[in-house]
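Shown here: input_37.cif, mmCIF, C-alpha atoms and all ligand atoms.
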data_target
loop_
_atom_site.label_atom_id
_atom_site.label_comp_id
_atom_site.auth_asym_id
_atom_site.auth_seq_id
_atom_site.Cartn_x
_atom_site.Cartn_y
_atom_site.Cartn_z
CA ASP A 215 0.00 0.00 0.00
CA TRP A 216 2.94 2.35 0.37
CA GLY A 217 6.30 2.56 -1.34
CA TYR A 218 8.83 5.01 -2.73
CA GLY A 219 7.42 5.27 -6.24
CA VAL A 220 5.46 7.99 -7.99
CA GLU A 221 2.06 6.41 -7.21
CA ASP A 222 2.77 5.34 -3.62
CA GLY A 223 5.69 7.48 -2.40
CA PRO A 224 6.29 9.73 0.64
CA SER A 225 4.23 12.69 -0.65
CA LEU A 226 1.10 10.45 -0.73
CA TRP A 227 1.55 8.57 2.56
CA HIS A 228 -0.65 11.12 4.43
CA GLN A 229 -3.72 9.81 2.56
CA ASN A 230 -3.63 6.51 4.48
CA TYR A 231 -1.45 7.71 7.39
CA PRO A 232 -2.54 11.24 8.44
CA ILE A 233 0.20 11.35 11.10
CA ALA A 234 2.57 11.93 8.15
CA LYS A 235 1.72 15.61 8.75
CA GLY A 236 2.22 15.24 12.53
CA SER A 237 4.32 17.39 14.87
CA ARG A 238 7.30 15.03 15.33
CA GLN A 239 7.97 13.41 11.97
CA SER A 240 11.32 12.08 10.74
CA PRO A 241 13.73 12.39 9.12
CA ILE A 242 14.79 16.05 9.40
CA ASP A 243 17.51 18.27 7.96
CA ILE A 244 19.97 18.83 10.81
CA LEU A 245 21.47 22.35 11.07
CA PRO A 246 24.52 22.04 13.38
CA GLN A 247 24.62 25.81 14.04
CA THR A 248 21.06 25.89 15.39
CA ALA A 249 21.39 22.65 17.40
CA SER A 250 21.56 23.72 21.06
CA HIS A 251 24.56 22.23 22.90
CA ASP A 252 23.12 20.67 26.05
CA PRO A 253 25.84 20.08 28.70
CA SER A 254 23.39 17.90 30.67
CA LEU A 255 23.42 15.41 27.77
CA GLY A 256 25.78 12.62 28.82
CA PRO A 257 27.54 10.21 26.47
CA ILE A 258 25.61 7.31 24.96
CA ALA A 259 26.70 3.86 26.12
CA LEU A 260 26.45 0.92 23.72
CA LYS A 261 26.66 -2.59 25.11
CA TYR A 262 26.73 -4.80 21.99
CA ASP A 263 29.29 -7.32 23.18
CA GLN A 264 26.86 -10.21 23.62
CA CYS A 265 24.81 -9.23 20.60
CA THR A 266 23.27 -12.30 19.02
CA SER A 267 22.14 -11.83 15.47
CA ILE A 268 19.32 -14.14 14.39
CA ASN A 269 18.95 -13.55 10.67
CA ILE A 270 19.37 -11.19 7.76
CA ALA A 271 16.36 -10.60 5.55
CA ASN A 272 15.03 -8.49 2.75
CA ASN A 273 11.73 -7.27 4.19
CA GLY A 274 10.66 -5.77 0.89
CA HIS A 275 11.73 -2.28 1.96
CA SER A 276 15.20 -2.72 3.33
CA VAL A 277 17.80 -5.31 4.28
CA VAL A 278 17.36 -6.11 7.97
CA VAL A 279 19.54 -7.92 10.53
CA GLU A 280 17.46 -9.11 13.50
CA PHE A 281 18.81 -9.70 17.02
CA GLU A 282 17.79 -11.83 20.00
CA ASP A 283 16.00 -9.38 22.32
CA SER A 284 14.69 -11.63 25.11
CA ASP A 285 17.07 -10.03 27.64
CA ASP A 286 19.26 -6.93 28.08
CA ARG A 287 22.40 -8.41 26.52
CA SER A 288 22.58 -5.70 23.82
CA VAL A 289 21.42 -2.27 24.91
CA ILE A 290 21.92 1.43 24.33
CA GLN A 291 21.64 3.78 27.30
CA GLY A 292 22.69 7.23 28.52
CA GLY A 293 22.55 10.35 26.40
CA PRO A 294 18.89 11.49 26.16
CA LEU A 295 17.61 8.09 27.31
CA ASP A 296 16.09 7.55 30.79
CA ASN A 297 16.69 3.79 30.76
CA PRO A 298 18.29 1.05 28.65
CA TYR A 299 16.76 0.29 25.24
CA ARG A 300 17.18 -3.22 23.80
CA LEU A 301 18.72 -3.76 20.32
CA LYS A 302 16.05 -5.29 18.09
CA GLN A 303 17.47 -4.99 14.58
CA PHE A 304 19.41 -2.83 12.21
CA HIS A 305 18.78 -1.94 8.61
CA PHE A 306 19.90 0.53 5.94
CA HIS A 307 18.44 3.24 3.72
CA TRP A 308 20.25 4.04 0.50
CA GLY A 309 19.97 5.76 -2.86
CA GLY A 310 20.10 4.60 -6.45
CA LYS A 311 23.46 6.23 -7.11
CA GLY A 312 25.83 8.94 -5.96
CA CYS A 313 25.57 10.52 -2.56
CA ARG A 314 21.76 10.67 -2.13
CA GLY A 315 20.38 7.91 0.07
CA SER A 316 20.50 8.90 3.72
CA GLU A 317 17.24 9.86 5.44
CA HIS A 318 18.60 12.60 7.71
CA THR A 319 20.57 15.36 5.99
CA VAL A 320 23.08 17.80 7.49
CA GLU A 321 22.65 21.35 6.14
CA GLY A 322 21.05 19.84 3.04
CA HIS A 323 23.93 17.38 2.59
CA SER A 324 22.87 13.79 1.96
CA TYR A 325 25.08 10.78 2.54
CA ALA A 326 25.10 7.69 0.31
CA SER A 327 23.32 5.62 2.95
CA GLU A 328 22.13 5.63 6.56
CA LEU A 329 22.30 2.75 9.04
CA HIS A 330 19.54 2.53 11.66
CA LEU A 331 20.13 0.52 14.83
CA VAL A 332 16.62 0.08 16.28
CA HIS A 333 16.19 -0.35 20.06
CA TRP A 334 13.06 -0.58 22.25
CA ASN A 335 12.16 0.35 25.83
CA ALA A 336 11.73 -3.09 27.43
CA VAL A 337 11.66 -1.51 30.91
CA LYS A 338 8.29 0.17 30.25
CA TYR A 339 6.77 -2.02 27.51
CA GLU A 340 6.12 -5.74 27.10
CA THR A 341 6.79 -6.08 23.40
CA PHE A 342 8.52 -4.25 20.55
CA GLY A 343 5.13 -3.75 18.86
CA GLU A 344 3.74 -2.00 21.94
CA ALA A 345 6.86 0.14 22.31
CA ALA A 346 6.72 1.12 18.62
CA THR A 347 3.49 3.04 19.27
CA ALA A 348 4.62 4.79 22.50
CA PRO A 349 6.21 8.27 22.54
CA ASP A 350 9.23 6.96 24.51
CA GLY A 351 9.10 3.48 23.04
CA LEU A 352 11.99 3.40 20.56
CA ALA A 353 15.52 4.74 20.30
CA VAL A 354 17.09 4.59 16.84
CA LEU A 355 20.82 5.21 16.41
CA GLY A 356 21.43 6.72 12.98
CA ILE A 357 24.86 6.38 11.39
CA PHE A 358 25.74 7.98 8.05
CA LEU A 359 27.63 5.90 5.49
CA GLU A 360 29.71 7.74 2.96
CA GLY A 361 31.27 6.21 -0.10
CA SER A 362 34.99 5.70 0.14
CA VAL A 363 37.61 3.29 -1.04
CA THR A 364 37.72 1.24 2.15
CA ASP A 365 35.48 -1.70 2.88
CA PHE A 366 33.67 -2.51 6.08
CA LYS A 367 34.42 -6.00 7.28
CA SER A 368 31.23 -7.37 8.74
CA PHE A 369 27.77 -6.55 9.95
CA ASN A 370 28.72 -6.74 13.62
CA PRO A 371 27.27 -3.49 14.95
CA LYS A 372 30.28 -3.03 17.21
CA CYS A 373 32.67 -2.58 14.28
CA LEU A 374 30.17 -0.48 12.39
CA LEU A 375 30.58 2.46 14.77
CA PRO A 376 32.69 5.54 13.97
CA SER A 377 35.46 6.61 16.37
CA SER A 378 33.45 9.45 17.87
CA LEU A 379 30.05 8.95 19.52
CA HIS A 380 29.23 12.68 19.44
CA TYR A 381 25.59 13.00 18.40
CA TRP A 382 22.53 15.13 17.70
CA THR A 383 19.27 14.06 19.35
CA TYR A 384 15.62 15.00 18.80
CA LEU A 385 12.15 13.51 19.22
CA GLY A 386 10.82 12.04 15.98
CA SER A 387 9.09 9.14 14.28
CA LEU A 388 9.38 6.04 12.15
CA THR A 389 10.29 7.15 8.63
CA THR A 390 7.87 4.84 6.85
CA PRO A 391 4.23 4.02 7.50
CA PRO A 392 2.84 3.66 10.14
CA LEU A 393 5.09 6.70 10.92
CA HIS A 394 4.49 6.31 14.68
CA GLU A 395 5.86 9.31 16.63
CA SER A 396 7.67 6.97 19.02
CA VAL A 397 11.38 7.50 18.28
CA THR A 398 14.08 9.27 20.25
CA TRP A 399 16.58 9.84 17.42
CA ILE A 400 20.31 9.78 18.18
CA VAL A 401 22.24 10.66 15.00
CA LEU A 402 26.04 10.32 15.17
CA LYS A 403 27.96 13.28 13.75
CA GLU A 404 30.83 11.23 12.32
CA PRO A 405 30.01 9.04 9.29
CA ILE A 406 31.59 5.63 8.68
CA ALA A 407 33.27 4.79 5.39
CA VAL A 408 31.73 2.22 3.09
CA SER A 409 33.05 1.23 -0.30
CA GLU A 410 31.27 1.73 -3.59
CA LYS A 411 31.36 -2.07 -3.90
CA GLN A 412 29.31 -2.42 -0.72
CA MET A 413 26.92 0.28 -1.92
CA SER A 414 26.44 -1.53 -5.22
CA LYS A 415 25.56 -4.69 -3.26
CA PHE A 416 22.69 -2.81 -1.60
CA ARG A 417 21.53 -1.57 -4.96
CA MET A 418 21.50 -5.06 -6.42
CA LEU A 419 18.97 -6.14 -3.79
CA LEU A 420 15.57 -6.36 -5.39
CA PHE A 421 12.38 -5.64 -3.63
CA THR A 422 9.00 -7.05 -4.63
CA GLY A 423 6.50 -4.79 -6.36
CA GLU A 424 2.74 -5.22 -5.82
CA GLU A 425 2.80 -8.21 -8.19
CA GLU A 426 5.52 -10.73 -7.43
CA ASP A 427 6.74 -10.63 -11.03
CA GLN A 428 7.29 -6.88 -10.82
CA ARG A 429 10.88 -7.06 -9.57
CA MET A 430 11.79 -3.45 -8.89
CA ARG A 431 15.22 -2.21 -8.00
CA MET A 432 15.51 -1.52 -4.25
CA GLU A 433 16.91 1.96 -4.21
CA ASN A 434 15.93 5.44 -3.07
CA ASN A 435 14.23 3.86 -0.05
CA PHE A 436 14.48 7.06 1.98
CA ARG A 437 11.91 9.66 3.02
CA PRO A 438 12.78 13.35 2.44
CA PRO A 439 13.30 15.67 5.45
CA GLN A 440 10.13 16.72 7.32
CA PRO A 441 9.18 20.07 8.98
CA LEU A 442 10.80 20.67 12.38
CA LYS A 443 7.54 22.29 13.72
CA GLY A 444 9.30 24.02 16.57
CA ARG A 445 11.29 21.02 17.80
CA LYS A 446 14.71 21.54 19.37
CA VAL A 447 17.65 19.49 18.14
CA ARG A 448 20.19 19.05 20.93
CA SER A 449 23.89 18.35 20.46
CA SER A 450 26.17 16.33 22.74
CA ASN A 451 29.51 17.94 23.61
C1 LIG B 501 13.57 -3.11 9.80
C2 LIG B 501 12.61 -1.98 9.78
C3 LIG B 501 12.11 -1.56 8.57
C4 LIG B 501 11.21 -0.51 8.57
C5 LIG B 501 10.68 -0.01 7.28
C6 LIG B 501 11.80 0.26 6.29
C7 LIG B 501 9.67 -1.00 6.73
N1 LIG B 501 10.83 0.09 9.73
C8 LIG B 501 9.77 1.06 9.73
C9 LIG B 501 10.16 2.48 9.53
C10 LIG B 501 11.50 2.99 9.76
C11 LIG B 501 12.63 2.49 9.29
N2 LIG B 501 13.62 3.34 9.70
C12 LIG B 501 13.07 4.29 10.40
N3 LIG B 501 11.77 4.09 10.45
C13 LIG B 501 11.34 -0.30 10.91
C14 LIG B 501 10.95 0.40 12.15
C15 LIG B 501 10.23 -0.56 13.09
C16 LIG B 501 12.15 1.06 12.81
C17 LIG B 501 12.26 -1.36 10.96
ZN ZN B 502 15.40 3.06 9.10
#

Could you spell out this file's structure in structure tokens?
Amino acid sequence: DWGYGVEDGPSLWHQNYPIAKGSRQSPIDILPQTASHDPSLGPIALKYDQCTSINIANNGHSVVVEFEDSDDRSVIQGGPLDNPYRLKQFHFHWGGKGCRGSEHTVEGHSYASELHLVHWNAVKYETFGEAATAPDGLAVLGIFLEGSVTDFKSFNPKCLLPSSLHYWTYLGSLTTPPLHESVTWIVLKEPIAVSEKQMSKFRMLLFTGEEEDQRMRMENNFRPPQPLKGRKVRSSN
């Protein structure tokens, strides 16, 4: 019912999902100069050592790596978060070519791709599904990928992190339907390098059209920036 094409893309999502015009929609264009530095914002802490990946799948909209989330073995905490959020899965957004592809932009600048590490508040909610509809239910760590000659070795989230964990944070939403306004976004300032070869592998992934035979190229699976509507973007030190 929704996609990234001309007939079903982001500009039409509001017809079936009115919250698309809500007050905390994502992604946004981040303006570093207007982000308010908040000294009370501590560092984020990532505990991914025991992370247990379950599978990698093409869910028709993205390539997703799922994790075991029956306990707090892999969590993100600190920063803007009041308690630990459990790692559920990570996935990517990317463009058809060149440097467009990320969901968040920085002063209008897009990156080739954006990695989302999705976590949920298992302290307050019973299930991921329940958390996904709650205003403090999810915490998504966004990491920009920019094309470069180096390769990244594996999908272990630990080695996918840049050297600096400085971040911007703001209250937002899922970036595809149902567009729930349930996400505390933590976007790292420093991108990681990914090779053109890796990018081309994303682009070769096909995603199913309405009819199974309609194999469309999975690319440009990103939503454009949404109005800030008075929200404050805070910056870690
Ligand atoms: C693996 C995954 C895929 C998707 C979309 C791309 C269908 N979504 C829905 C929208 C979204 C993707 N990235 C930010 N929001 C999620 C949510 C639950 C975080 C996870
Ligand atoms: Zn995402």

With a cut-off of 6 Å, could you pull out the residues of chain A touching ligand LIG 501 (chain B) and give me the nearest pair of atoms for each, distance in Å to one decimal, using all atoms listed in the file, ordered by chain and ascending number, as a tab-separated table?
residue	atom	partner	partner_atom	distance
A:His275	CA	B:LIG501	C6	5.0
A:Ser276	CA	B:LIG501	C6	5.4
A:Val278	CA	B:LIG501	C1	5.2
A:His305	CA	B:LIG501	C1	5.5
A:Val332	CA	B:LIG501	C16	5.7
A:Leu388	CA	B:LIG501	N3	3.5
A:Thr389	CA	B:LIG501	N3	3.9
A:Thr390	CA	B:LIG501	C9	4.2

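Straight-line separation from CA of Phe304 in chain A to CA of Phe281 in chain A: 8.4 Å.
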
Would you mind listing what lies within 8 Å of Asp252 in chain A as a PyMOL selection string, with all atoms listed in the file counted and same-chain residues fewer than 4 positions away left out? chain A and resi 448-451

Who sits within 7 Å of Glu321 in chain A, all atoms listed in the file, same chain under 6 positions skipped, as a PDB file with C-alpha atoms, in the coordinates of the input:
ATOM      1  CA  ASP A 243      17.510  18.270   7.960  1.00  0.00           C
ATOM      2  CA  ILE A 244      19.970  18.830  10.810  1.00  0.00           C
ATOM      3  CA  LEU A 245      21.470  22.350  11.070  1.00  0.00           C
TER       4      LEU A 245
END

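Among the candidates A:Val337, A:Leu375, A:Ile268, A:Ala345, the one nearest to Ile357 in chain A when counting only C-alpha atoms is A:Leu375.
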
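Closest to ligand ZN 502 (chain B) among A:Lys372, A:Lys411, A:Arg300, A:His330 is A:His330, based on all atoms listed in the file.
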
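Closest to Lys446 in chain A among A:Ala271, A:Ala336, A:Leu385, A:Leu359 is A:Leu385, based on only C-alpha atoms.
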
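Residues in contact range of Gln291 in chain A, defined as at most 8 Å between all atoms listed in the file, with sequence neighbours fewer than 5 positions away removed, read Ile258, Ala259, Leu260, Asp296, Asn297, Pro298 and Tyr299 of chain A.
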
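With all atoms listed in the file as the basis for measurement, A:Leu329 is the residue among A:Leu329, A:Trp334, A:Ser237, A:Pro232 that approaches Glu317 in chain A most closely.
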
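Of the residues under consideration (A:Tyr384, A:Tyr231, A:Phe306, A:Tyr262), A:Tyr262 shows the shortest atom-to-atom contact distance to Asp286 in chain A when counting only C-alpha atoms.
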